[in-house]
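A.B. asks: Got a file for you: coords.cif, mmCIF, C-alpha atoms.
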data_final
#
loop_
_atom_site.group_PDB
_atom_site.id
_atom_site.type_symbol
_atom_site.label_atom_id
_atom_site.label_comp_id
_atom_site.auth_asym_id
_atom_site.auth_seq_id
_atom_site.Cartn_x
_atom_site.Cartn_y
_atom_site.Cartn_z
ATOM 1 C CA MET A 1 -6.955 -28.743 -14.942
ATOM 2 C CA ARG A 2 -10.095 -28.457 -12.826
ATOM 3 C CA ASN A 3 -9.656 -26.808 -9.471
ATOM 4 C CA LYS A 4 -11.236 -28.985 -6.755
ATOM 5 C CA ILE A 5 -13.452 -32.064 -6.430
ATOM 6 C CA ALA A 6 -15.835 -32.724 -3.514
ATOM 7 C CA PHE A 7 -17.725 -35.895 -2.589
ATOM 8 C CA PHE A 8 -21.008 -35.827 -0.662
ATOM 9 C CA ASP A 9 -22.829 -38.607 1.170
ATOM 10 C CA ILE A 10 -26.635 -38.420 0.884
ATOM 11 C CA ASP A 11 -28.540 -39.416 4.025
ATOM 12 C CA GLY A 12 -27.624 -37.229 6.977
ATOM 13 C CA THR A 13 -25.298 -35.119 4.828
ATOM 14 C CA LEU A 14 -27.138 -33.777 1.768
ATOM 15 C CA VAL A 15 -30.654 -34.668 2.899
ATOM 16 C CA GLU A 16 -32.493 -35.722 6.039
ATOM 17 C CA HIS A 17 -36.052 -36.599 6.946
ATOM 18 C CA LYS A 18 -38.398 -33.945 8.299
ATOM 19 C CA GLU A 19 -41.907 -35.192 8.998
ATOM 20 C CA ASN A 20 -41.214 -38.267 6.811
ATOM 21 C CA VAL A 21 -40.077 -36.138 3.854
ATOM 22 C CA LEU A 22 -36.474 -36.023 2.646
ATOM 23 C CA ILE A 23 -35.360 -32.396 2.760
ATOM 24 C CA MET A 24 -32.253 -30.828 1.234
ATOM 25 C CA PRO A 25 -31.399 -27.489 2.896
ATOM 26 C CA GLU A 26 -31.493 -24.502 0.556
ATOM 27 C CA SER A 27 -28.061 -23.472 1.819
ATOM 28 C CA THR A 28 -26.677 -26.821 0.646
ATOM 29 C CA LYS A 29 -28.125 -26.335 -2.838
ATOM 30 C CA LEU A 30 -26.603 -22.860 -2.983
ATOM 31 C CA ALA A 31 -23.196 -24.037 -1.775
ATOM 32 C CA ILE A 32 -22.969 -26.792 -4.387
ATOM 33 C CA LYS A 33 -24.081 -24.391 -7.127
ATOM 34 C CA LYS A 34 -21.450 -21.804 -6.154
ATOM 35 C CA PHE A 35 -18.773 -24.499 -5.847
ATOM 36 C CA ARG A 36 -19.428 -25.763 -9.380
ATOM 37 C CA GLU A 37 -19.620 -22.247 -10.821
ATOM 38 C CA LYS A 38 -15.955 -21.848 -9.836
ATOM 39 C CA GLY A 39 -15.027 -24.737 -12.135
ATOM 40 C CA ASN A 40 -14.997 -27.419 -9.430
ATOM 41 C CA LEU A 41 -16.595 -30.871 -9.587
ATOM 42 C CA ALA A 42 -19.274 -32.110 -7.168
ATOM 43 C CA PHE A 43 -19.966 -35.842 -6.796
ATOM 44 C CA ILE A 44 -22.528 -37.708 -4.766
ATOM 45 C CA CYS A 45 -20.848 -40.644 -2.966
ATOM 46 C CA SER A 46 -23.470 -42.821 -1.292
ATOM 47 C CA GLY A 47 -24.766 -46.254 -0.456
ATOM 48 C CA ARG A 48 -27.933 -45.332 -2.353
ATOM 49 C CA GLN A 49 -28.559 -46.776 -5.799
ATOM 50 C CA ILE A 50 -28.438 -44.758 -9.022
ATOM 51 C CA ARG A 51 -32.197 -45.065 -9.613
ATOM 52 C CA PHE A 52 -32.868 -43.374 -6.261
ATOM 53 C CA ILE A 53 -30.198 -40.730 -6.901
ATOM 54 C CA ASN A 54 -31.584 -39.822 -10.320
ATOM 55 C CA ASP A 55 -35.139 -39.670 -8.944
ATOM 56 C CA LYS A 56 -34.178 -37.359 -6.074
ATOM 57 C CA PHE A 57 -31.456 -35.172 -7.557
ATOM 58 C CA GLY A 58 -31.945 -35.291 -11.319
ATOM 59 C CA THR A 59 -28.993 -35.055 -13.671
ATOM 60 C CA ASP A 60 -27.997 -31.391 -13.420
ATOM 61 C CA MET A 61 -27.164 -30.722 -9.756
ATOM 62 C CA PHE A 62 -23.967 -32.813 -9.659
ATOM 63 C CA ASP A 63 -21.194 -33.666 -12.088
ATOM 64 C CA GLY A 64 -21.132 -37.334 -11.177
ATOM 65 C CA TYR A 65 -22.335 -40.072 -8.874
ATOM 66 C CA ILE A 66 -20.702 -42.850 -6.899
ATOM 67 C CA SER A 67 -23.517 -45.202 -5.893
ATOM 68 C CA GLY A 68 -23.867 -48.549 -4.123
ATOM 69 C CA ASN A 69 -21.087 -47.647 -1.642
ATOM 70 C CA GLY A 70 -18.539 -47.274 -4.426
ATOM 71 C CA THR A 71 -19.571 -50.123 -6.712
ATOM 72 C CA GLU A 72 -20.906 -47.928 -9.539
ATOM 73 C CA ILE A 73 -19.388 -44.670 -10.814
ATOM 74 C CA PHE A 74 -21.003 -42.219 -13.241
ATOM 75 C CA PHE A 75 -19.548 -39.045 -14.753
ATOM 76 C CA LYS A 76 -21.467 -36.648 -17.004
ATOM 77 C CA GLY A 77 -24.162 -39.279 -17.538
ATOM 78 C CA GLU A 78 -21.719 -42.040 -18.520
ATOM 79 C CA LYS A 79 -21.010 -45.131 -16.426
ATOM 80 C CA VAL A 80 -17.244 -45.332 -16.015
ATOM 81 C CA TYR A 81 -17.030 -48.191 -13.503
ATOM 82 C CA GLY A 82 -19.234 -51.001 -12.221
ATOM 83 C CA ARG A 83 -18.960 -54.328 -10.428
ATOM 84 C CA ASN A 84 -21.533 -56.883 -9.271
ATOM 85 C CA LEU A 85 -21.614 -59.454 -6.491
ATOM 86 C CA SER A 86 -20.670 -62.877 -7.873
ATOM 87 C CA GLN A 87 -23.045 -65.836 -7.735
ATOM 88 C CA ASP A 88 -20.655 -67.571 -5.335
ATOM 89 C CA MET A 89 -20.714 -64.580 -3.012
ATOM 90 C CA LEU A 90 -24.508 -64.304 -3.173
ATOM 91 C CA THR A 91 -24.838 -67.984 -2.272
ATOM 92 C CA SER A 92 -22.374 -67.645 0.603
ATOM 93 C CA LEU A 93 -24.129 -64.544 1.946
ATOM 94 C CA MET A 94 -27.563 -66.194 1.887
ATOM 95 C CA LYS A 95 -26.211 -69.175 3.828
ATOM 96 C CA SER A 96 -24.603 -66.903 6.411
ATOM 97 C CA PHE A 97 -27.707 -64.722 6.732
ATOM 98 C CA ASP A 98 -29.796 -67.809 7.436
ATOM 99 C CA GLU A 99 -27.410 -68.704 10.277
ATOM 100 C CA LEU A 100 -27.522 -65.164 11.672
ATOM 101 C CA GLY A 101 -31.284 -64.705 11.332
ATOM 102 C CA VAL A 102 -31.306 -61.672 9.029
ATOM 103 C CA SER A 103 -33.104 -60.861 5.795
ATOM 104 C CA CYS A 104 -31.663 -58.724 3.038
ATOM 105 C CA ASN A 105 -32.045 -56.851 -0.211
ATOM 106 C CA PHE A 106 -29.394 -57.464 -2.839
ATOM 107 C CA ALA A 107 -29.327 -54.004 -4.370
ATOM 108 C CA GLY A 108 -28.761 -53.282 -8.035
ATOM 109 C CA GLY A 109 -28.722 -49.916 -9.727
ATOM 110 C CA HIS A 110 -32.319 -50.185 -10.905
ATOM 111 C CA LYS A 111 -33.674 -53.350 -9.245
ATOM 112 C CA GLY A 112 -33.383 -54.958 -5.824
ATOM 113 C CA TYR A 113 -33.697 -58.655 -5.004
ATOM 114 C CA SER A 114 -35.521 -59.572 -1.804
ATOM 115 C CA TYR A 115 -34.119 -62.385 0.322
ATOM 116 C CA LYS A 116 -36.671 -63.232 3.018
ATOM 117 C CA MET A 117 -37.779 -59.605 3.460
ATOM 118 C CA ASP A 118 -41.202 -59.272 5.079
ATOM 119 C CA ARG A 119 -44.088 -57.469 3.378
ATOM 120 C CA ARG A 120 -43.687 -54.322 5.487
ATOM 121 C CA ARG A 121 -40.052 -53.995 4.499
ATOM 122 C CA ILE A 122 -40.750 -54.583 0.819
ATOM 123 C CA ASP A 123 -43.582 -52.033 0.713
ATOM 124 C CA ARG A 124 -41.524 -49.467 2.601
ATOM 125 C CA TYR A 125 -38.550 -49.954 0.293
ATOM 126 C CA ASN A 126 -40.691 -49.681 -2.837
ATOM 127 C CA SER A 127 -42.305 -46.483 -1.534
ATOM 128 C CA GLN A 128 -39.002 -44.668 -2.118
ATOM 129 C CA PHE A 129 -39.281 -45.185 -5.887
ATOM 130 C CA PRO A 130 -42.002 -43.740 -8.129
ATOM 131 C CA GLY A 131 -43.377 -45.958 -10.871
ATOM 132 C CA GLU A 132 -42.441 -49.608 -11.216
ATOM 133 C CA ALA A 133 -41.586 -51.443 -7.994
ATOM 134 C CA TYR A 134 -37.880 -51.616 -7.197
ATOM 135 C CA ILE A 135 -37.890 -54.892 -5.257
ATOM 136 C CA LEU A 136 -38.186 -58.221 -7.088
ATOM 137 C CA GLU A 137 -39.639 -60.902 -4.845
ATOM 138 C CA GLU A 138 -39.051 -63.825 -7.213
ATOM 139 C CA TRP A 139 -35.760 -64.217 -9.032
ATOM 140 C CA LYS A 140 -33.134 -66.676 -10.193
ATOM 141 C CA LEU A 141 -29.583 -66.491 -8.921
ATOM 142 C CA GLU A 142 -28.141 -66.274 -12.416
ATOM 143 C CA ASP A 143 -30.297 -63.218 -13.182
ATOM 144 C CA VAL A 144 -29.201 -61.122 -10.182
ATOM 145 C CA GLU A 145 -27.342 -57.923 -11.048
ATOM 146 C CA ALA A 146 -26.596 -56.482 -7.619
ATOM 147 C CA SER A 147 -23.586 -54.475 -6.553
ATOM 148 C CA SER A 148 -24.337 -53.962 -2.860
ATOM 149 C CA LEU A 149 -26.852 -54.969 -0.188
ATOM 150 C CA ASP A 150 -28.962 -53.943 2.786
ATOM 151 C CA ILE A 151 -29.728 -56.143 5.776
ATOM 152 C CA PHE A 152 -32.663 -56.189 8.203
ATOM 153 C CA TYR A 153 -32.517 -57.602 11.734
ATOM 154 C CA LYS A 154 -34.604 -57.889 14.900
ATOM 155 C CA ASP A 155 -32.322 -56.090 17.380
ATOM 156 C CA ASP A 156 -28.858 -54.591 17.842
ATOM 157 C CA SER A 157 -27.415 -57.850 19.172
ATOM 158 C CA VAL A 158 -27.945 -59.433 15.742
ATOM 159 C CA LEU A 159 -26.188 -56.507 14.074
ATOM 160 C CA GLU A 160 -23.201 -56.950 16.386
ATOM 161 C CA LYS A 161 -23.084 -60.658 15.492
ATOM 162 C CA CYS A 162 -23.034 -59.669 11.814
ATOM 163 C CA ARG A 163 -20.199 -57.212 12.392
ATOM 164 C CA GLU A 164 -18.129 -59.871 14.152
ATOM 165 C CA TYR A 165 -18.994 -62.606 11.628
ATOM 166 C CA PHE A 166 -18.046 -60.435 8.621
ATOM 167 C CA LYS A 167 -15.334 -58.318 10.294
ATOM 168 C CA ASP A 168 -12.792 -59.026 7.546
ATOM 169 C CA MET A 169 -15.217 -58.619 4.662
ATOM 170 C CA LEU A 170 -18.097 -56.165 5.204
ATOM 171 C CA ILE A 171 -18.849 -52.786 6.787
ATOM 172 C CA PHE A 172 -22.334 -52.222 8.244
ATOM 173 C CA ASN A 173 -23.801 -48.701 8.329
ATOM 174 C CA ALA A 174 -26.717 -48.988 10.754
ATOM 175 C CA HIS A 175 -29.886 -46.900 10.369
ATOM 176 C CA GLY A 176 -30.770 -46.647 14.046
ATOM 177 C CA ALA A 177 -34.200 -47.722 15.270
ATOM 178 C CA ASP A 178 -35.138 -48.931 11.772
ATOM 179 C CA MET A 179 -33.132 -52.096 12.474
ATOM 180 C CA SER A 180 -31.532 -52.035 9.047
ATOM 181 C CA ALA A 181 -28.085 -51.316 7.633
ATOM 182 C CA ASP A 182 -26.558 -50.697 4.251
ATOM 183 C CA VAL A 183 -23.494 -52.811 3.682
ATOM 184 C CA SER A 184 -20.244 -52.048 1.880
ATOM 185 C CA LEU A 185 -17.319 -54.260 0.915
ATOM 186 C CA LYS A 186 -14.025 -53.832 2.753
ATOM 187 C CA ASP A 187 -12.005 -54.500 -0.391
ATOM 188 C CA TRP A 188 -13.873 -51.919 -2.500
ATOM 189 C CA GLY A 189 -15.876 -49.065 -1.045
ATOM 190 C CA LYS A 190 -16.212 -45.317 -1.256
ATOM 191 C CA ALA A 191 -12.474 -44.720 -0.755
ATOM 192 C CA GLU A 192 -11.473 -46.992 -3.626
ATOM 193 C CA ALA A 193 -14.112 -45.414 -5.873
ATOM 194 C CA ILE A 194 -12.773 -41.936 -5.058
ATOM 195 C CA GLU A 195 -9.243 -43.044 -5.903
ATOM 196 C CA TYR A 196 -10.496 -44.519 -9.176
ATOM 197 C CA ILE A 197 -12.405 -41.428 -10.356
ATOM 198 C CA THR A 198 -9.706 -38.950 -9.335
ATOM 199 C CA LYS A 199 -7.157 -40.914 -11.366
ATOM 200 C CA HIS A 200 -9.630 -41.189 -14.235
ATOM 201 C CA LEU A 201 -10.113 -37.409 -14.230
ATOM 202 C CA GLU A 202 -6.438 -36.687 -13.458
ATOM 203 C CA ILE A 203 -7.258 -34.701 -10.326
ATOM 204 C CA PRO A 204 -4.572 -34.770 -7.591
ATOM 205 C CA MET A 205 -5.627 -36.039 -4.165
ATOM 206 C CA GLU A 206 -4.570 -32.755 -2.552
ATOM 207 C CA ASN A 207 -7.558 -31.187 -4.327
ATOM 208 C CA THR A 208 -10.120 -33.581 -2.817
ATOM 209 C CA TYR A 209 -12.780 -32.955 -0.164
ATOM 210 C CA ALA A 210 -15.492 -35.185 1.302
ATOM 211 C CA PHE A 211 -18.556 -34.646 3.487
ATOM 212 C CA GLY A 212 -20.191 -37.449 5.468
ATOM 213 C CA ASP A 213 -21.949 -38.538 8.632
ATOM 214 C CA GLY A 214 -22.045 -42.351 8.834
ATOM 215 C CA HIS A 215 -19.914 -45.430 9.484
ATOM 216 C CA ASN A 216 -19.620 -46.113 5.754
ATOM 217 C CA ASP A 217 -18.087 -42.648 5.321
ATOM 218 C CA VAL A 218 -15.052 -43.320 7.527
ATOM 219 C CA GLU A 219 -12.769 -44.626 4.778
ATOM 220 C CA MET A 220 -13.945 -41.883 2.402
ATOM 221 C CA ILE A 221 -13.152 -39.160 4.951
ATOM 222 C CA LYS A 222 -9.724 -40.696 5.606
ATOM 223 C CA LYS A 223 -8.973 -41.073 1.895
ATOM 224 C CA VAL A 224 -9.435 -37.485 0.735
ATOM 225 C CA ASN A 225 -7.145 -34.605 1.534
ATOM 226 C CA THR A 226 -9.799 -32.795 3.596
ATOM 227 C CA GLY A 227 -12.460 -34.903 5.290
ATOM 228 C CA ILE A 228 -15.403 -33.052 6.803
ATOM 229 C CA ALA A 229 -17.835 -34.614 9.298
ATOM 230 C CA MET A 230 -21.307 -33.202 9.743
ATOM 231 C CA GLY A 231 -22.211 -32.014 13.230
ATOM 232 C CA ASN A 232 -24.757 -34.839 13.343
ATOM 233 C CA ALA A 233 -22.163 -37.470 12.345
ATOM 234 C CA VAL A 234 -21.398 -40.622 14.343
ATOM 235 C CA GLU A 235 -18.502 -40.269 16.786
ATOM 236 C CA GLU A 236 -16.343 -42.740 14.870
ATOM 237 C CA LEU A 237 -16.394 -40.405 11.867
ATOM 238 C CA LYS A 238 -15.758 -37.258 13.872
ATOM 239 C CA GLU A 239 -12.636 -38.871 15.326
ATOM 240 C CA VAL A 240 -11.000 -39.260 11.894
ATOM 241 C CA ALA A 241 -12.289 -36.062 10.248
ATOM 242 C CA ASP A 242 -10.088 -33.063 9.555
ATOM 243 C CA TYR A 243 -12.962 -30.714 10.363
ATOM 244 C CA ILE A 244 -16.369 -30.955 12.045
ATOM 245 C CA THR A 245 -19.013 -28.618 10.694
ATOM 246 C CA SER A 246 -22.481 -27.807 12.015
ATOM 247 C CA ASN A 247 -25.531 -30.063 11.657
ATOM 248 C CA ILE A 248 -27.188 -30.621 8.302
ATOM 249 C CA PHE A 249 -30.083 -28.240 9.061
ATOM 250 C CA ASP A 250 -27.727 -25.674 10.596
ATOM 251 C CA ASP A 251 -26.137 -25.032 7.171
ATOM 252 C CA GLY A 252 -23.383 -27.582 7.783
ATOM 253 C CA ILE A 253 -22.209 -27.964 4.193
ATOM 254 C CA TYR A 254 -22.430 -24.254 3.404
ATOM 255 C CA ASN A 255 -20.514 -23.303 6.556
ATOM 256 C CA ALA A 256 -17.727 -25.793 5.879
ATOM 257 C CA MET A 257 -17.346 -24.724 2.264
ATOM 258 C CA LYS A 258 -17.113 -21.121 3.393
ATOM 259 C CA ALA A 259 -14.540 -22.053 6.030
ATOM 260 C CA PHE A 260 -12.314 -23.688 3.410
ATOM 261 C CA GLU A 261 -12.909 -20.872 0.906
ATOM 262 C CA LEU A 262 -14.482 -23.277 -1.595
ATOM 263 C CA ILE A 263 -17.286 -20.766 -2.191
#
Mind turning the file's structure into structure tokens?
C.D. replies:
Amino acid sequence: MRNKIAFFDIDGTLVEHKENVLIMPESTKLAIKKFREKGNLAFICSGRQIRFINDKFGTDMFDGYISGNGTEIFFKGEKVYGRNLSQDMLTSLMKSFDELGVSCNFAGGHKGYSYKMDRRRIDRYNSQFPGEAYILEEWKLEDVEASSLDIFYKDDSVLEKCREYFKDMLIFNAHGADMSADVSLKDWGKAEAIEYITKHLEIPMENTYAFGDGHNDVEMIKKVNTGIAMGNAVEELKEVADYITSNIFDDGIYNAMKAFELI
């Protein structure tokens, strides 16, 4: 049986922007390499879509990927789980978003579906993906293959209205001054995906670790045996973490893995 399995969020955990460029600390790359060399498994576990993950990390740095906030799971290049938003749910969400005054991207693994996004948002989103544009501006409901979503709003008061409106259904992970948030489902998120893949691989939960920094990492950090919050994490996550490491650019992942003798 494999020794340990660790799950890593992307933004604010594995990578962060420096001068508008996403940077992954060299110490993080080294830590993950050493961890895997000991026979352990490393998984990305993120709200990002698989197209973005493959573009940024390739196929050799990690053993598997949980994308779309838990809605798609890949192991050794094979998709082992996936679920899409139903047409009824898409219709209901669009109606609610109209009432709340937000626009959104229904995010699929390789394509996104714009709902009232402005040109600046669309261009900025597409700039993250080389080659063919990610966002479709014209689409039919029956053709949508989206597993998660992002919302865009004018100010924090709108975000708070969304959180109250969808309090029993959705979790919003805000991206600060960008006035956007990636959204995960309360009934199936990162925690449920971790439970699924650990059972699939027959790895006991006592051998699980997770690293995160955002609101959508809370359930993941609580689910695993050892949940580690980055020094730059939101306070809500730090409150439930088993351990708080240093900031991402202060060798946070490397230091934590050393502390737990994972490397």
A.B. asks: Need the shell around stretch 111-117 of chain A: protein/DNA/RNA residues with any atom at most 7 Å away, counting only C-alpha atoms. Skip same-chain ones fewer than 3 positions apart. Format as JSON, numbers by chain?
C.D. replies: {"A": [103, 104, 105, 106, 107, 108, 121, 122, 134, 135, 136, 137]}
A.B. asks: Using only C-alpha atoms, which protein or nucleic acid residues come within 12 Å of A:Ile203? Drop anything in the same chain fewer than 3 positions from it, and give the result as a list in words.
C.D. replies: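 Near A:Ile203, the qualifying residues are Met1, Arg2, Asn3, Lys4, Ile5, Ala6, Asn40, Leu41, Ile194, Glu195, Tyr196, Ile197, Thr198, Lys199, His200, Glu206, Asn207, Thr208, Tyr209, Val224 and Asn225 of chain A.
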A.B. asks: Find the residue from A:Glu219, A:Arg48, A:Tyr81, A:Asp168 that sits nearest to A:Tyr125; use all atoms listed in the file when measuring.
C.D. replies: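 Ranking A:Glu219, A:Arg48, A:Tyr81, A:Asp168 by distance to A:Tyr125, first place goes to A:Arg48.
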A.B. asks: Output the residue selection produced by the PyMOL selection byres ((chain A and resi 183) around 7) on the file above, formatted as a PDB file with C-alpha atoms, in the coordinates of the input.
C.D. replies:
ATOM      1  CA  SER A 148     -24.337 -53.962  -2.860  1.00  0.00           C
ATOM      2  CA  LEU A 149     -26.852 -54.969  -0.188  1.00  0.00           C
ATOM      3  CA  ASP A 150     -28.962 -53.943   2.786  1.00  0.00           C
ATOM      4  CA  LEU A 170     -18.097 -56.165   5.204  1.00  0.00           C
ATOM      5  CA  ILE A 171     -18.849 -52.786   6.787  1.00  0.00           C
ATOM      6  CA  PHE A 172     -22.334 -52.222   8.244  1.00  0.00           C
ATOM      7  CA  ASN A 173     -23.801 -48.701   8.329  1.00  0.00           C
ATOM      8  CA  ALA A 181     -28.085 -51.316   7.633  1.00  0.00           C
ATOM      9  CA  ASP A 182     -26.558 -50.697   4.251  1.00  0.00           C
ATOM     10  CA  SER A 184     -20.244 -52.048   1.880  1.00  0.00           C
ATOM     11  CA  LEU A 185     -17.319 -54.260   0.915  1.00  0.00           C
TER      12      LEU A 185
END
A.B. asks: Taking 3 positions as the minimum chain separation for residues in the same chain, which residues sit within 9 Å of stretch 97-100 of chain A when counting only C-alpha atoms? Answer as a short mmCIF file (atom, residue, chain, number, x, y, z; two decimals) with C-alpha atoms, keeping the file's coordinate frame.
C.D. replies:
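The resulting result.cif:
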data_model
loop_
_atom_site.label_atom_id
_atom_site.label_comp_id
_atom_site.auth_asym_id
_atom_site.auth_seq_id
_atom_site.Cartn_x
_atom_site.Cartn_y
_atom_site.Cartn_z
CA SER A 92 -22.37 -67.64 0.60
CA LEU A 93 -24.13 -64.54 1.95
CA MET A 94 -27.56 -66.19 1.89
CA SER A 103 -33.10 -60.86 5.80
CA CYS A 104 -31.66 -58.72 3.04
CA ILE A 151 -29.73 -56.14 5.78
CA VAL A 158 -27.94 -59.43 15.74
CA LYS A 161 -23.08 -60.66 15.49
CA CYS A 162 -23.03 -59.67 11.81
CA TYR A 165 -18.99 -62.61 11.63
#
A.B. asks: Which residue, A:Phe211, A:Asp143, A:Ala42, A:Met169, has the smallest gap to A:Asn255 when you use only C-alpha atoms?
C.D. replies: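 Among the listed residues, the smallest separation from A:Asn255 belongs to A:Phe211.
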A.B. asks: The PyMOL selection byres ((chain A and resi 230) around 6) on the file shown: which residues, as a count of residues only?
C.D. replies: 9
A.B. asks: May I have the residues within 9 Å of A:Ile73 as a list in words, using only C-alpha atoms and disregarding those fewer than 5 positions away in the same chain?
C.D. replies: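 Near neighbours after the sequence-gap exclusion: Cys45, Gly64, Tyr65, Ile66, Ser67, Gly68, Glu78, Lys79, Val80, Tyr81, Gly82, Ala193 and Ile197 of chain A.
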A.B. asks: Give me the result of the PyMOL selection byres ((chain A and resi 128) around 12) on this file, residue by residue, as a list of chain:residue names.
C.D. replies: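 Taken over the shown coordinates, the PyMOL selection byres ((chain A and resi 128) around 12) returns A:Asn20, A:Val21, A:Leu22, A:Arg48, A:Gln49, A:Arg51, A:Phe52, A:Ile53, A:Asp55, A:Lys56, A:Arg121, A:Ile122, A:Asp123, A:Arg124, A:Tyr125, A:Asn126, A:Ser127, A:Phe129, A:Pro130, A:Gly131, A:Glu132, A:Ala133, A:Tyr134, A:Ile135.
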A.B. asks: Rounded to one decimal in Å, what is the spacing between atom CA of A:Ser157 and atom CA of A:Gly189?
C.D. replies: 24.9 Å
A.B. asks: Of the candidates A:Ala174, A:Ile248, A:Met257, A:Ala191, which one gets nearest to A:Ile23 if we count only C-alpha atoms?
C.D. replies: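 Of the candidates, the smallest distance to A:Ile23 is held by A:Ile248.
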A.B. asks: Excluding stretch 84-86 of chain A and its own-chain neighbours fewer than 5 positions away, which residues fall within 7 Å of it when counting all atoms listed in the file? Please give them as a ChimeraX atom specification.
C.D. replies: /A:145-147
A.B. asks: Report the distance between atom CA of A:Thr59 and atom CA of A:Ile32 in Å, rounded to one decimal place.
C.D. replies: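 That distance, rounded to one decimal, is 13.8 Å.
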A.B. asks: Tell me which of A:Gly212, A:Gly47, A:Gly101, A:Gly58 sits closest to A:Ala256, counting only C-alpha atoms.
C.D. replies: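 Residue with the minimum atom-to-atom distance to A:Ala256: A:Gly212.
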A.B. asks: Atom CA of A:Phe166 and atom CA of A:Asp88, how far apart in Å?
C.D. replies: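 Computing it gives 15.9 Å between the two atoms.
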A.B. asks: Using all atoms listed in the file, find the one residue out of A:Phe62, A:Asp11, A:Met24, A:Leu90 that sits nearest to A:Asp251.
C.D. replies: A:Met24
A.B. asks: My list of candidates is A:Phe43, A:Val144, A:Phe35, A:Phe57. Which is closest to A:Val15 when distances are computed with all atoms listed in the file?
C.D. replies: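 Closest to A:Val15 of all the choices is A:Phe57.
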A.B. asks: For stretch 209-250 of chain A of the structure just presented, write C-alpha atoms to a file, as a PDB file, in the first residue's frame.
C.D. replies:
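Wrote it out as part27.pdb, contents follow:
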ATOM      1  CA  TYR A 209      -2.837  15.640   4.176  1.00  0.00           C
ATOM      2  CA  ALA A 210      -4.131  18.831   2.561  1.00  0.00           C
ATOM      3  CA  PHE A 211      -2.735  22.312   1.938  1.00  0.00           C
ATOM      4  CA  GLY A 212      -4.949  25.327   1.260  1.00  0.00           C
ATOM      5  CA  ASP A 213      -5.566  29.026   1.737  1.00  0.00           C
ATOM      6  CA  GLY A 214      -9.143  29.901   0.726  1.00  0.00           C
ATOM      7  CA  HIS A 215     -12.779  29.606   1.795  1.00  0.00           C
ATOM      8  CA  ASN A 216     -13.327  26.693  -0.588  1.00  0.00           C
ATOM      9  CA  ASP A 217     -10.535  24.808   1.199  1.00  0.00           C
ATOM     10  CA  VAL A 218     -12.273  24.723   4.590  1.00  0.00           C
ATOM     11  CA  GLU A 219     -14.109  21.430   4.079  1.00  0.00           C
ATOM     12  CA  MET A 220     -11.015  19.871   2.485  1.00  0.00           C
ATOM     13  CA  ILE A 221      -8.835  20.852   5.456  1.00  0.00           C
ATOM     14  CA  LYS A 222     -11.438  19.488   7.886  1.00  0.00           C
ATOM     15  CA  LYS A 223     -11.847  16.252   5.926  1.00  0.00           C
ATOM     16  CA  VAL A 224      -8.251  15.031   5.861  1.00  0.00           C
ATOM     17  CA  ASN A 225      -6.321  13.718   8.816  1.00  0.00           C
ATOM     18  CA  THR A 226      -3.853  16.630   8.763  1.00  0.00           C
ATOM     19  CA  GLY A 227      -5.061  19.943   7.365  1.00  0.00           C
ATOM     20  CA  ILE A 228      -2.431  22.608   6.764  1.00  0.00           C
ATOM     21  CA  ALA A 229      -3.240  26.296   6.199  1.00  0.00           C
ATOM     22  CA  MET A 230      -0.796  28.550   4.410  1.00  0.00           C
ATOM     23  CA  GLY A 231       0.440  31.570   6.345  1.00  0.00           C
ATOM     24  CA  ASN A 232      -1.401  33.729   3.811  1.00  0.00           C
ATOM     25  CA  ALA A 233      -4.680  31.810   4.274  1.00  0.00           C
ATOM     26  CA  VAL A 234      -8.007  33.406   5.217  1.00  0.00           C
ATOM     27  CA  GLU A 235      -8.745  33.411   8.950  1.00  0.00           C
ATOM     28  CA  GLU A 236     -11.683  31.033   8.559  1.00  0.00           C
ATOM     29  CA  LEU A 237      -9.308  28.366   7.248  1.00  0.00           C
ATOM     30  CA  LYS A 238      -6.649  28.956   9.876  1.00  0.00           C
ATOM     31  CA  GLU A 239      -9.266  28.406  12.581  1.00  0.00           C
ATOM     32  CA  VAL A 240      -9.990  24.835  11.427  1.00  0.00           C
ATOM     33  CA  ALA A 241      -6.466  23.825  10.350  1.00  0.00           C
ATOM     34  CA  ASP A 242      -4.318  21.407  12.316  1.00  0.00           C
ATOM     35  CA  TYR A 243      -1.205  23.404  11.450  1.00  0.00           C
ATOM     36  CA  ILE A 244      -0.407  26.849  10.039  1.00  0.00           C
ATOM     37  CA  THR A 245       2.732  27.056   7.946  1.00  0.00           C
ATOM     38  CA  SER A 246       4.561  30.081   6.555  1.00  0.00           C
ATOM     39  CA  ASN A 247       3.446  32.095   3.518  1.00  0.00           C
ATOM     40  CA  ILE A 248       3.634  30.659   0.023  1.00  0.00           C
ATOM     41  CA  PHE A 249       6.787  32.626  -0.880  1.00  0.00           C
ATOM     42  CA  ASP A 250       8.361  31.889   2.507  1.00  0.00           C
TER      43      ASP A 250
END
